[in-house]
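The file target28.txt contains compact mmCIF, C-alpha atoms:
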# COMPACT_ATOMS: atom_id res chain seq x y z
CA MET A 1 7.90 46.42 11.96
CA THR A 2 9.54 49.65 10.84
CA TYR A 3 8.36 51.72 7.89
CA GLU A 4 11.39 50.59 5.85
CA GLU A 5 10.73 46.94 6.69
CA ALA A 6 7.08 47.26 5.69
CA VAL A 7 7.95 48.87 2.35
CA ALA A 8 10.54 46.17 1.69
CA MET A 9 8.06 43.40 2.56
CA TYR A 10 5.22 44.91 0.50
CA PRO A 11 6.61 46.80 -2.51
CA HIS A 12 4.14 49.22 -4.04
CA ASN A 13 4.01 47.38 -7.37
CA GLU A 14 3.09 44.10 -5.68
CA ILE A 15 0.22 45.28 -3.46
CA HIS A 16 -3.27 45.63 -4.88
CA ILE A 17 -6.74 46.65 -3.91
CA GLN A 18 -9.81 44.78 -5.14
CA VAL A 19 -13.31 46.12 -5.81
CA ASP A 20 -15.56 43.32 -7.06
CA ASP A 21 -13.76 41.79 -10.05
CA ILE A 22 -11.37 44.72 -10.54
CA VAL A 23 -7.91 44.25 -9.03
CA ARG A 24 -5.66 47.29 -9.38
CA PRO A 25 -2.49 48.72 -7.82
CA MET A 26 -3.07 50.91 -4.81
CA THR A 27 -2.96 54.66 -5.24
CA PRO A 28 -0.11 56.37 -3.35
CA ALA A 29 -2.55 57.38 -0.60
CA GLU A 30 -3.98 53.85 -0.33
CA TYR A 31 -0.47 52.44 -0.23
CA GLU A 32 0.61 54.82 2.53
CA ALA A 33 -2.46 53.84 4.56
CA PHE A 34 -1.70 50.17 3.96
CA ILE A 35 1.94 50.55 5.07
CA ASP A 36 0.83 52.58 8.08
CA ARG A 37 -1.46 49.70 9.04
CA GLN A 38 1.51 47.32 8.94
CA VAL A 39 3.69 49.66 11.03
CA ASN A 40 1.03 50.89 13.45
CA PRO A 41 -1.61 48.20 13.86
CA GLU A 42 -4.71 49.60 15.47
CA PRO A 43 -4.85 48.79 19.19
CA LEU A 44 -7.81 46.57 19.86
CA SER A 45 -8.46 46.89 23.55
CA MET B 1 -31.99 28.37 -22.53
CA GLY B 2 -31.04 24.81 -21.58
CA LEU B 3 -32.18 21.56 -23.14
CA ASN B 4 -34.96 21.05 -20.61
CA ALA B 5 -36.18 24.65 -20.43
CA GLN B 6 -39.73 25.25 -21.52
CA THR B 7 -41.82 28.29 -22.31
CA SER B 8 -45.29 26.88 -21.63
CA VAL B 9 -46.99 24.55 -19.15
CA PRO B 10 -49.78 23.14 -21.30
CA VAL B 11 -53.19 21.62 -20.63
CA PHE B 12 -55.00 19.35 -23.07
CA THR B 13 -58.47 18.52 -24.28
CA ALA B 14 -59.98 15.01 -24.31
CA GLY B 15 -58.78 13.02 -27.28
CA GLN B 16 -56.08 15.51 -28.22
CA VAL B 17 -53.05 14.06 -30.01
CA LEU B 18 -49.91 15.22 -28.22
CA THR B 19 -46.73 16.26 -29.99
CA ALA B 20 -43.33 15.09 -28.82
CA GLN B 21 -42.59 18.61 -27.50
CA GLN B 22 -45.85 18.66 -25.50
CA GLN B 23 -45.06 15.28 -23.98
CA LYS B 24 -41.58 16.54 -23.08
CA GLU B 25 -43.12 19.56 -21.35
CA ILE B 26 -45.30 17.38 -19.11
CA ASN B 27 -42.55 14.83 -18.47
CA THR B 28 -40.08 17.13 -16.72
CA GLY B 29 -41.28 16.70 -13.14
CA ILE B 30 -40.57 20.25 -12.03
CA PRO B 31 -40.68 22.52 -15.12
CA VAL B 32 -37.44 24.31 -16.02
CA PHE B 33 -37.43 27.94 -17.22
CA ALA B 34 -34.66 30.20 -18.45
CA THR B 35 -35.75 33.13 -16.26
CA THR B 36 -38.59 34.23 -13.99
CA VAL B 37 -39.96 36.18 -16.97
CA THR B 38 -40.35 33.08 -19.13
CA ARG B 39 -41.77 31.24 -16.10
CA ASP B 40 -44.45 33.86 -15.56
CA ALA B 41 -45.33 33.80 -19.26
CA ALA B 42 -45.74 30.03 -19.24
CA PHE B 43 -48.89 29.89 -17.12
CA GLY B 44 -52.42 31.08 -17.71
CA GLY B 45 -52.35 31.64 -21.46
CA THR B 46 -54.42 29.84 -24.05
CA GLY B 47 -53.74 26.12 -23.75
CA GLU B 48 -51.63 26.66 -20.63
CA LYS B 49 -52.09 25.48 -17.07
CA THR B 50 -53.53 27.96 -14.54
CA LEU B 51 -50.94 28.94 -11.93
CA ALA B 52 -51.99 27.81 -8.42
CA GLN B 53 -50.54 27.19 -4.96
CA GLY B 54 -47.98 24.39 -4.79
CA GLN B 55 -46.57 24.83 -8.29
CA TYR B 56 -42.80 24.37 -8.44
CA ALA B 57 -40.40 25.80 -11.01
CA TYR B 58 -36.64 25.71 -11.57
CA ILE B 59 -34.96 28.88 -12.86
CA GLU B 60 -31.78 28.39 -14.88
CA ALA B 61 -30.56 31.98 -14.56
CA THR B 62 -30.29 31.83 -10.78
CA SER B 63 -30.14 28.05 -10.23
CA ALA B 64 -33.16 28.51 -7.94
CA LEU B 65 -35.92 26.07 -7.06
CA MET B 66 -39.09 28.10 -6.43
CA VAL B 67 -42.63 27.36 -5.27
CA TYR B 68 -45.81 29.39 -5.73
CA THR B 69 -47.65 30.16 -2.46
CA GLY B 70 -50.89 31.21 -4.12
CA SER B 71 -49.85 34.87 -4.18
CA ALA B 72 -46.09 34.92 -4.86
CA TRP B 73 -43.12 32.84 -5.94
CA ILE B 74 -40.64 32.11 -3.12
CA ASN B 75 -37.38 30.19 -3.01
CA ALA B 76 -38.00 26.57 -2.09
CA GLY B 77 -34.45 25.29 -2.05
CA GLY B 78 -33.58 26.11 1.58
CA GLY B 79 -33.14 28.89 4.09
CA LEU B 80 -30.21 30.60 2.40
CA THR B 81 -29.90 32.07 -1.07
CA LEU B 82 -26.48 32.64 -2.62
CA ILE B 83 -26.33 36.31 -3.64
CA THR B 84 -22.78 36.54 -4.93
CA ALA B 85 -19.49 34.65 -4.99
CA GLN B 86 -16.46 36.92 -5.26
CA ALA B 87 -13.08 35.40 -6.11
CA ILE B 88 -10.19 37.04 -4.23
CA GLY B 89 -7.28 38.26 -6.34
CA SER B 90 -3.56 37.96 -5.74
CA ALA B 91 -1.78 39.99 -3.01
CA VAL B 92 -4.72 42.28 -2.29
CA GLY B 93 -4.76 44.51 0.77
CA SER B 94 -8.57 44.60 0.83
CA VAL B 95 -11.54 43.25 -1.08
CA THR B 96 -14.75 45.20 -1.63
CA VAL B 97 -17.98 43.39 -2.47
CA SER B 98 -20.01 46.38 -3.52
CA SER B 99 -23.54 45.16 -4.23
CA CYS B 100 -24.48 42.31 -1.94
CA PHE B 101 -27.05 43.83 0.47
CA SER B 102 -30.55 44.87 -0.55
CA SER B 103 -34.09 45.12 0.71
CA THR B 104 -34.71 41.49 -0.33
CA TYR B 105 -33.11 40.18 2.87
CA ASP B 106 -32.69 41.42 6.45
CA ASN B 107 -29.86 39.10 7.55
CA TYR B 108 -26.84 37.70 5.71
CA LEU B 109 -24.19 35.00 6.01
CA VAL B 110 -20.73 35.79 4.64
CA THR B 111 -18.25 32.95 4.19
CA VAL B 112 -14.59 33.12 3.17
CA ASN B 113 -12.69 29.99 2.22
CA GLY B 114 -9.92 28.68 0.06
CA GLY B 115 -7.28 31.43 0.14
CA VAL B 116 -4.22 32.29 2.20
CA GLY B 117 -2.71 35.32 3.89
CA SER B 118 0.84 36.61 3.50
CA VAL B 119 1.06 36.58 7.32
CA ALA B 120 -1.14 35.09 10.04
CA GLY B 121 -3.74 37.31 11.64
CA ASP B 122 -7.44 38.12 11.66
CA LEU B 123 -9.94 39.25 9.09
CA ARG B 124 -11.53 42.68 9.52
CA LEU B 125 -14.82 43.87 8.14
CA GLN B 126 -16.25 47.27 7.25
CA LEU B 127 -19.54 48.22 5.71
CA ASN B 128 -18.76 49.93 2.45
CA GLY B 129 -17.90 53.61 2.95
CA THR B 130 -17.78 53.74 6.75
CA THR B 131 -14.34 53.72 8.39
CA SER B 132 -15.14 54.60 12.01
CA GLY B 133 -17.58 53.97 14.81
CA TYR B 134 -17.36 50.18 15.09
CA TYR B 135 -17.73 48.47 18.48
CA TYR B 136 -16.53 44.93 19.17
CA SER B 137 -15.70 42.38 21.83
CA ILE B 138 -14.20 38.91 21.81
CA ILE B 139 -14.43 36.23 24.47
CA GLY B 140 -12.18 33.24 24.22
CA ASN B 141 -10.17 30.47 25.70
CA SER B 142 -6.66 29.32 24.98
CA TRP B 143 -6.38 25.69 23.95
CA ASN B 144 -5.41 24.88 27.54
CA ALA B 145 -8.53 26.69 28.79
CA THR B 146 -7.09 30.00 29.96
CA ALA B 147 -9.75 32.67 29.47
CA SER B 148 -8.97 35.78 27.47
CA ASN B 149 -10.99 38.64 26.06
CA ALA B 150 -10.72 42.05 24.44
CA GLY B 151 -12.92 44.86 23.19
CA SER B 152 -13.08 48.44 22.05
CA THR B 153 -15.73 51.12 21.62
CA SER B 154 -14.92 53.05 18.48
CA ILE B 155 -12.50 51.73 15.90
CA ALA B 156 -12.12 51.66 12.12
CA SER B 157 -13.49 48.16 11.50
CA ILE B 158 -14.84 45.05 13.17
CA PRO B 159 -11.81 42.84 13.91
CA TYR B 160 -11.64 39.07 14.45
CA MET B 161 -14.32 38.30 11.86
CA GLY B 162 -12.26 35.39 10.52
CA THR B 163 -8.91 33.66 10.63
CA VAL B 164 -6.03 34.42 8.28
CA GLU B 165 -3.17 31.93 8.15
CA THR B 166 -0.39 31.45 5.62
CA ASN B 167 -1.97 28.11 4.68
CA SER B 168 -5.68 28.89 5.03
CA LEU B 169 -8.37 31.55 5.15
CA ASN B 170 -11.64 30.93 6.97
CA ALA B 171 -14.62 33.02 8.00
CA SER B 172 -18.32 32.57 8.67
CA ILE B 173 -19.92 35.90 9.56
CA THR B 174 -23.54 36.66 10.35
CA ILE B 175 -24.52 40.26 9.51
CA LYS B 176 -27.84 41.55 10.79
CA SER B 177 -29.77 44.44 9.17
CA PRO B 178 -27.05 46.03 6.98
CA ASN B 179 -29.63 47.32 4.47
CA LEU B 180 -32.24 48.35 7.02
CA ALA B 181 -32.27 51.83 8.57
CA LYS B 182 -31.25 50.14 11.83
CA ARG B 183 -28.06 49.37 13.72
CA THR B 184 -26.00 46.64 12.00
CA GLU B 185 -24.67 43.77 14.11
CA PHE B 186 -21.99 41.16 13.44
CA ASN B 187 -21.16 37.71 14.85
CA ALA B 188 -18.26 35.42 13.93
CA ASN B 189 -15.40 33.28 15.24
CA TYR B 190 -11.64 33.64 15.23
CA MET B 191 -8.96 31.14 16.19
CA ASN B 192 -5.19 30.84 16.05
CA PRO B 193 -2.59 28.41 17.40
CA THR B 194 -2.94 30.04 20.83
CA ALA B 195 -6.68 30.42 21.41
CA SER B 196 -10.22 30.40 20.03
CA TYR B 197 -12.68 33.33 20.30
CA VAL B 198 -16.32 34.22 19.81
CA SER B 199 -16.41 37.70 18.29
CA SER B 200 -19.25 40.16 17.97
CA GLY B 201 -19.80 43.83 17.28
CA PHE B 202 -22.02 46.50 15.84
CA LEU B 203 -22.01 49.73 13.88
CA ASN B 204 -24.15 52.24 15.69
CA ASN B 205 -25.77 54.22 12.90
CA LEU B 206 -28.92 53.95 10.77
CA THR B 207 -27.19 53.94 7.37
CA GLN B 208 -28.49 51.46 4.80
CA TYR B 209 -25.48 49.70 3.26
CA THR B 210 -25.20 47.79 -0.01
CA GLY B 211 -21.66 46.40 0.29
CA LEU B 212 -18.80 45.31 2.53
CA VAL B 213 -15.00 45.43 2.68
CA LEU B 214 -12.86 42.60 4.03
CA ALA B 215 -9.16 43.05 4.83
CA PRO B 216 -6.50 41.24 6.84
CA ASP B 217 -5.23 43.02 9.94
CA SER B 218 -1.78 42.96 8.33
CA GLY B 219 -0.31 41.72 5.09
CA THR B 220 -2.37 40.67 2.10
CA LEU B 221 -4.79 38.00 0.88
CA THR B 222 -4.40 35.73 -2.11
CA GLY B 223 -7.02 33.42 -3.56
CA GLY B 224 -10.19 31.94 -2.14
CA THR B 225 -13.79 33.04 -2.43
CA ILE B 226 -16.08 35.38 -0.51
CA ARG B 227 -19.68 34.17 -0.66
CA VAL B 228 -22.64 36.24 0.51
CA TYR B 229 -25.93 34.49 1.27
CA GLY B 230 -29.27 36.01 2.20
CA TYR B 231 -31.47 34.50 4.90
CA GLN B 232 -34.87 34.01 3.31
CA THR B 233 -37.59 36.03 4.96
CA SER B 234 -40.43 33.66 4.09
Translate the structure of the given file into C-alpha cells.
Amino acid sequence: MTYEEAVAMYPHNEIHIQVDDIVRPMTPAEYEAFIDRQVNPEPLS
Amino acid sequence: MGLNAQTSVPVFTAGQVLTAQQQKEINTGIPVFATTVTRDAAFGGTGEKTLAQGQYAYIEATSALMVYTGSAWINAGGGLTLITAQAIGSAVGSVTVSSCFSSTYDNYLVTVNGGVGSVAGDLRLQLNGTTSGYYYSIIGNSWNATASNAGSTSIASIPYMGTVETNSLNASITIKSPNLAKRTEFNANYMNPTASYVSSGFLNNLTQYTGLVLAPDSGTLTGGTIRVYGYQTS
C-alpha cells in the first residue's frame, strides 16, 4: 500500500485512538505513525 | 445497597423475639453486603456474630463471592477475578487499558471478543509506555499440516497475540508478571484461513507495568470488549 492509498483508506478524521473510555482523533504525529504502519508494516522475522 | 444487602450478622439470646428484619438477615443463606467495608462492620459488634473461618459473604460492589480463611477474606468464586472490561470504540487504531495490573495478582488473562477489524490481520500487544525490546516466536501448521514459524529478537510489540478478521475479533492472552520487577512473558494463539499458530514472547526488562495497549497490525478495530482477569494467588 502506498502512502496515498493509506491516507485515502484511513482519512485522518475517521481514525481514532482509545485510552480507557476516551476515544479521540489521533494527533498529527499519531496519525503519521499509524499511516506509516500501514505503508511499512514491521518485518516480523 | 440492594434489597438483600445487610449491615449486620446478628446473634440472639434465648427467648428473644425476632423482628422481621432480623429474620431476613438470618434467612439469606450467604449474607449480602454493599461493600467490603459494610461486610467488615457487620461482624463482631454488640449483638453480632463473631467472624470465623468458613464464613461466606457476597459483595455487591464487585459481584464477588468471598470466604474468610480465619485470617483474611479471599475470593471464593473461582480461579479468575474480572479486573476490568473495556469496550472498544469505533475505528480505533489502538486501545489502551491503563490500570489493569497491580500487586494483587502475578498473572493475568486478557480476552478480546465481539468486535471486527477493518482488514484481516493479527493483534499486537505492548505494555503501556514501552515501544521496543519485545521478543517473540510463533510455531504453526497450515490447515493441510505444512509447518511454518517465525520470530524476531527486538521489535516494537508482541505480534500474533490474537486474530483480527473483518467479521470477528478473538484473543486469549496469558501475561505473566507484568507488575512484578521481573521479565514479563506472553502466550497466545493466532489463526487465519491459511494456518494456525502458537505464539509466545517476552519483554526483557524489570519494569513494573500497570497497563497494556492492543492494536491491529494494520487497519483499525471496531466494537467488542477487552476483559482483563487476574489469576488468584490463594
*Could you list, as a PyMOL selection string, every residue of chain B that has an atom within 12 Å of an atom of chain A, counting only C-alpha atoms?*
chain B and resi 84-100+118-119+121-122+124+128+134-138+148-160+211-223+225-227
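Take CA of Leu180 in chain B and CA of Gln208 in chain B: the distance between them is 5.4 Å.
Picture a line from CA of Tyr197 in chain B to CA of Val228 in chain B; it runs 22.3 Å.
The space separating CA of Asp106 in chain B from CA of Asn205 in chain B comes to 15.9 Å.
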*Which is closer to Arg183 in chain B than all the others in B:Ala72, B:Val17, B:Val67, B:Leu203, using all atoms listed in the file?*
B:Leu203
Quick one: range 25-39 of chain A with N, CA and C atoms, as an mmCIF file, in the frame of the given file?
data_model
loop_
_atom_site.group_PDB
_atom_site.id
_atom_site.type_symbol
_atom_site.label_atom_id
_atom_site.label_comp_id
_atom_site.auth_asym_id
_atom_site.auth_seq_id
_atom_site.Cartn_x
_atom_site.Cartn_y
_atom_site.Cartn_z
ATOM 1 N N PRO A 25 -3.488 48.245 -8.793
ATOM 2 C CA PRO A 25 -2.490 48.720 -7.820
ATOM 3 C C PRO A 25 -3.095 49.786 -6.923
ATOM 4 N N MET A 26 -2.594 49.871 -5.717
ATOM 5 C CA MET A 26 -3.070 50.910 -4.810
ATOM 6 C C MET A 26 -2.601 52.280 -5.276
ATOM 7 N N THR A 27 -3.415 53.290 -5.024
ATOM 8 C CA THR A 27 -2.960 54.660 -5.240
ATOM 9 C C THR A 27 -1.898 54.973 -4.181
ATOM 10 N N PRO A 28 -1.102 56.010 -4.382
ATOM 11 C CA PRO A 28 -0.110 56.370 -3.350
ATOM 12 C C PRO A 28 -0.741 56.544 -1.971
ATOM 13 N N ALA A 29 -1.911 57.175 -1.898
ATOM 14 C CA ALA A 29 -2.550 57.380 -0.600
ATOM 15 C C ALA A 29 -3.011 56.057 0.011
ATOM 16 N N GLU A 30 -3.561 55.177 -0.827
ATOM 17 C CA GLU A 30 -3.980 53.850 -0.330
ATOM 18 C C GLU A 30 -2.782 53.056 0.143
ATOM 19 N N TYR A 31 -1.673 53.167 -0.597
ATOM 20 C CA TYR A 31 -0.470 52.440 -0.230
ATOM 21 C C TYR A 31 0.101 52.954 1.094
ATOM 22 N N GLU A 32 0.114 54.264 1.269
ATOM 23 C CA GLU A 32 0.610 54.820 2.530
ATOM 24 C C GLU A 32 -0.245 54.353 3.702
ATOM 25 N N ALA A 33 -1.563 54.316 3.501
ATOM 26 C CA ALA A 33 -2.460 53.840 4.560
ATOM 27 C C ALA A 33 -2.216 52.367 4.847
ATOM 28 N N PHE A 34 -1.977 51.594 3.793
ATOM 29 C CA PHE A 34 -1.700 50.170 3.960
ATOM 30 C C PHE A 34 -0.410 49.962 4.749
ATOM 31 N N ILE A 35 0.660 50.680 4.364
ATOM 32 C CA ILE A 35 1.940 50.550 5.070
ATOM 33 C C ILE A 35 1.794 51.014 6.519
ATOM 34 N N ASP A 36 1.034 52.095 6.713
ATOM 35 C CA ASP A 36 0.830 52.580 8.080
ATOM 36 C C ASP A 36 0.141 51.529 8.940
ATOM 37 N N ARG A 37 -0.762 50.759 8.298
ATOM 38 C CA ARG A 37 -1.460 49.700 9.040
ATOM 39 C C ARG A 37 -0.486 48.586 9.430
ATOM 40 N N GLN A 38 0.517 48.342 8.593
ATOM 41 C CA GLN A 38 1.510 47.320 8.940
ATOM 42 C C GLN A 38 2.397 47.810 10.088
ATOM 43 N N VAL A 39 2.736 49.104 10.051
ATOM 44 C CA VAL A 39 3.690 49.660 11.030
ATOM 45 C C VAL A 39 2.989 49.969 12.348
#
